[in-house]
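Asks: Below is a structure I'd like to ask you about.
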Amino acid sequence: MGEEGTEGTVHLLCLAATSGVPLFCRSSRGGAPARQQLPFSVIGSLNGVHMFGQNLEVQLSSARTEDTTVVWKSFHDSITLIVLSSEEGTSELRLERLLQMVFGAMVLLVGLEELTNIRNVERLKKELRASYRLIDSFLGDSELIGDLTQCVDCVVPPEGSLLQEALSGFAEAAGTAFGSLVVSGRVVAATESWWRLGTPEAVLLPWLVGSLPPQAARDYPVYLPHGSPMVPHRLLTLTLLPGLELCLLCGPRPPLSQLDPQLLDRWWQPVLDPLRACVPLGPRALPAGFPLHMDILGLLLLHLELKRCLFTVEPSADQEPSPEHRRRLLRAFYTLVTASHFPPEPGSPEKVEDAAQRSQVPRACYLVSGPEEPGMGWRLVALQSGPRRLLLLSAQSPTHALRGLATHTLHALTPLL
């Protein structure tokens, strides 16, 4: 199994579908932003072959060369996105979902009207600059995984009920039904209305907050790609503690000035200690002291109906491999089992096979990378049970014990998600 994200280059191209005019090009190398740009002749050739196929009523969606994977996708017959990746082990599934997230980010910050009815190309180019920071975070080595799973990255706070009560009360006092607490781009708690946000805005909004530079307060105009792509809303954010932000989604009211310190103190001062306990939860996702088997080096738990996930590579952090390597292994394993073994998640655009084939899908699979001896190489196991799917990374467990380890871990995690 190739490891996604190892040294290689990713180029993302955005063009006006009818004219072929490039709107932007973003690149990353080794998971970090890069200034390297593709020659205009290459951009024109990539767009030209796609348009040639369309004129013949042939849909060109992907292609592979010896060292590069290319994926094309058109949106609303107005925007064409092309991604080229020379990263080892890159899957078409990952690149297809990357393009969906990129277009969602463009709608989130510019609005669908500007993208489907392009009146002035140069003005649109300037407006799209607001989305560069968010788009670049998708191309890099993020600690989050919602771009790939299309589920909201979450953490489990130690006193979630107290935070939930304070959040619901504060949101009601502020005059909105949409509120959440976000730490490092992950949702700690959210109101019922916030959880009912559709895809992709449910993933994009906390990701956006996590990608922005720290600020005490923000009043940020956003469109909802699924719920309100034409009419902007306001995303209000308030920093409660360094790294922990309160987010409200609202209309013209309330003004940011109405969220004064007295209102904040009334609702959040009584739960200051639970709030402090949330700050280190970012990369860990699970409460301190949660019992995980010592052989587990990383895990990804998905609730496919709620569209939420827990993702951490913090267990046994003093052991090899590095956190970055663990994330790459789990991301690559997720794309493998999603594309080849398990049925597509509810609501995903991937093709669903007929009922006879769906009845034969596996409930578990594992992969061994390297020698079989314990302590050598890596072991990955995936287990599906109802709406939950668990992926584990281990280095020590023998192969025959992987399913038991996954089953026990899933039972322990089920009350959390």
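Following the order of the structure tokens, first chain is A, next is B, and so on, with residues numbered from 1 inside each chain and ligands from 1 in the order they appear.
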Hey, what's within 10 Å of A:Arg327 if we count only C-alpha atoms and toss same-chain stuff fewer than 2 positions away? As an MDAnalysis selection string, please?

Replies: chainID A and resid 3:5 141:145 298:300 311:313 321:325 329:333 393

Asks: Based on DSSP run over this structure's backbone, return all residues of stretch 267-329 of chain A in helix (DSSP H, G or I), as a PyMOL selection string.

Replies: chain A and resi 267-278+281-284+323-329

Asks: How would the residues just chosen look if you wrote them out with C-alpha atoms as a short mmCIF file (atom, residue, chain, number, x, y, z; two decimals), in the first residue's frame?

Replies:
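Now in selection34.cif:
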data_model
loop_
_atom_site.label_atom_id
_atom_site.label_comp_id
_atom_site.auth_asym_id
_atom_site.auth_seq_id
_atom_site.Cartn_x
_atom_site.Cartn_y
_atom_site.Cartn_z
CA TRP A 267 -22.73 31.65 30.19
CA TRP A 268 -19.07 30.64 30.03
CA GLN A 269 -17.51 31.70 33.34
CA PRO A 270 -19.28 28.85 35.23
CA VAL A 271 -17.82 26.26 32.84
CA LEU A 272 -14.30 27.71 32.59
CA ASP A 273 -12.60 24.56 33.86
CA PRO A 274 -14.39 22.25 31.36
CA LEU A 275 -13.44 24.74 28.64
CA ARG A 276 -9.78 24.61 29.68
CA ALA A 277 -9.91 20.82 29.51
CA CYS A 278 -10.93 21.08 25.82
CA LEU A 281 -8.02 17.81 22.98
CA GLY A 282 -7.30 18.96 19.40
CA PRO A 283 -4.94 16.26 18.08
CA ARG A 284 -5.87 13.79 20.85
CA PRO A 323 2.44 11.29 13.73
CA GLU A 324 2.70 12.45 10.10
CA HIS A 325 3.54 8.92 8.95
CA ARG A 326 0.65 7.49 11.00
CA ARG A 327 -1.80 9.95 9.43
CA ARG A 328 -0.61 9.00 5.96
CA LEU A 329 -1.00 5.29 6.71
#

Asks: Leaving out A:Gly44 and any residue of its chain fewer than 2 positions from it, which residues lie within 12 Å of it when counting only C-alpha atoms, given as a ChimeraX atom specification?

Replies: /A:13-17,19-22,38-42,46-52,82

Asks: Counting only C-alpha atoms, what is within 12 Å of A:Ala34, bar same-chain residues fewer than 4 positions away, as a list of chain:residue names?

Replies: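 Within the cut-off, the hits are A:Gly8, A:Thr9, A:Val10, A:His11, A:Leu12, A:Cys25, A:Arg26, A:Ser27, A:Ser28, A:Arg29, A:Gly30, A:Leu38, A:Asp136, A:Leu139, A:Gly140.
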
Asks: Give the answer as one residue: which of A:Val222, A:Leu392, A:Leu109, A:Ala173 has the shortest atom-to-atom distance to A:His408, using only C-alpha atoms?

Replies: A:Leu392

Asks: Find the spatial neighbours of A:Pro252, counting only C-alpha atoms, within a cut-off of 10 Å - ignore same-chain residues fewer than 5 positions away - and output them as a list in words.

Replies: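 That gives Pro232, His233 and Arg234 of chain A.
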
Asks: Which of these residues is nearest to A:Cys365, using only C-alpha atoms: A:Ser340, A:Ser131, A:Ser61, A:Gln319?

Replies: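 Comparing A:Ser340, A:Ser131, A:Ser61, A:Gln319 against A:Cys365, the winner is A:Ser340.
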
Asks: Please determine, counting only C-alpha atoms, which residue among A:Ser257, A:Thr65, A:Thr191, A:Ser78 has the shortest atom-to-atom distance to A:Leu23.

Replies: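 The shortest atom-to-atom distance to A:Leu23 comes from A:Ser78.
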
Asks: Could you give me the residues within stretch 72-184 of chain A that DSSP places in strand (DSSP E or B), as an NGL selection string?

Replies: :A and (72-75 or 79-85 or 152-154 or 178-183)

Asks: Rank nothing, just name the residue among A:Val182, A:Val107, A:Ala202, A:Leu286 nearest to A:Pro229, using only C-alpha atoms.

Replies: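 Result for the nearest residue to A:Pro229: A:Val107.
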
Asks: One number please: atom CA of A:Pro280 to atom CA of A:Asp260, in Å, one decimal.

Replies: 26.5 Å

Asks: Of the candidates A:Asp153, A:Lys73, A:Ala130, A:Ala166, which shows the shortest atom-to-atom distance to A:Arg266, using only C-alpha atoms?

Replies: A:Ala166

Asks: Near stretch 243-250 of chain A, within 10 Å and counting only C-alpha atoms, which residues show up once chain neighbours fewer than 3 positions away are dropped, as a count of residues only?

Replies: 53

Asks: Check the smallest atom-to-atom distance from each of A:Leu98, A:Leu163, A:Leu241, A:Ala395 to A:Leu81 using only C-alpha atoms, then report the winner.

Replies: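 Ranking A:Leu98, A:Leu163, A:Leu241, A:Ala395 by distance to A:Leu81, first place goes to A:Leu98.
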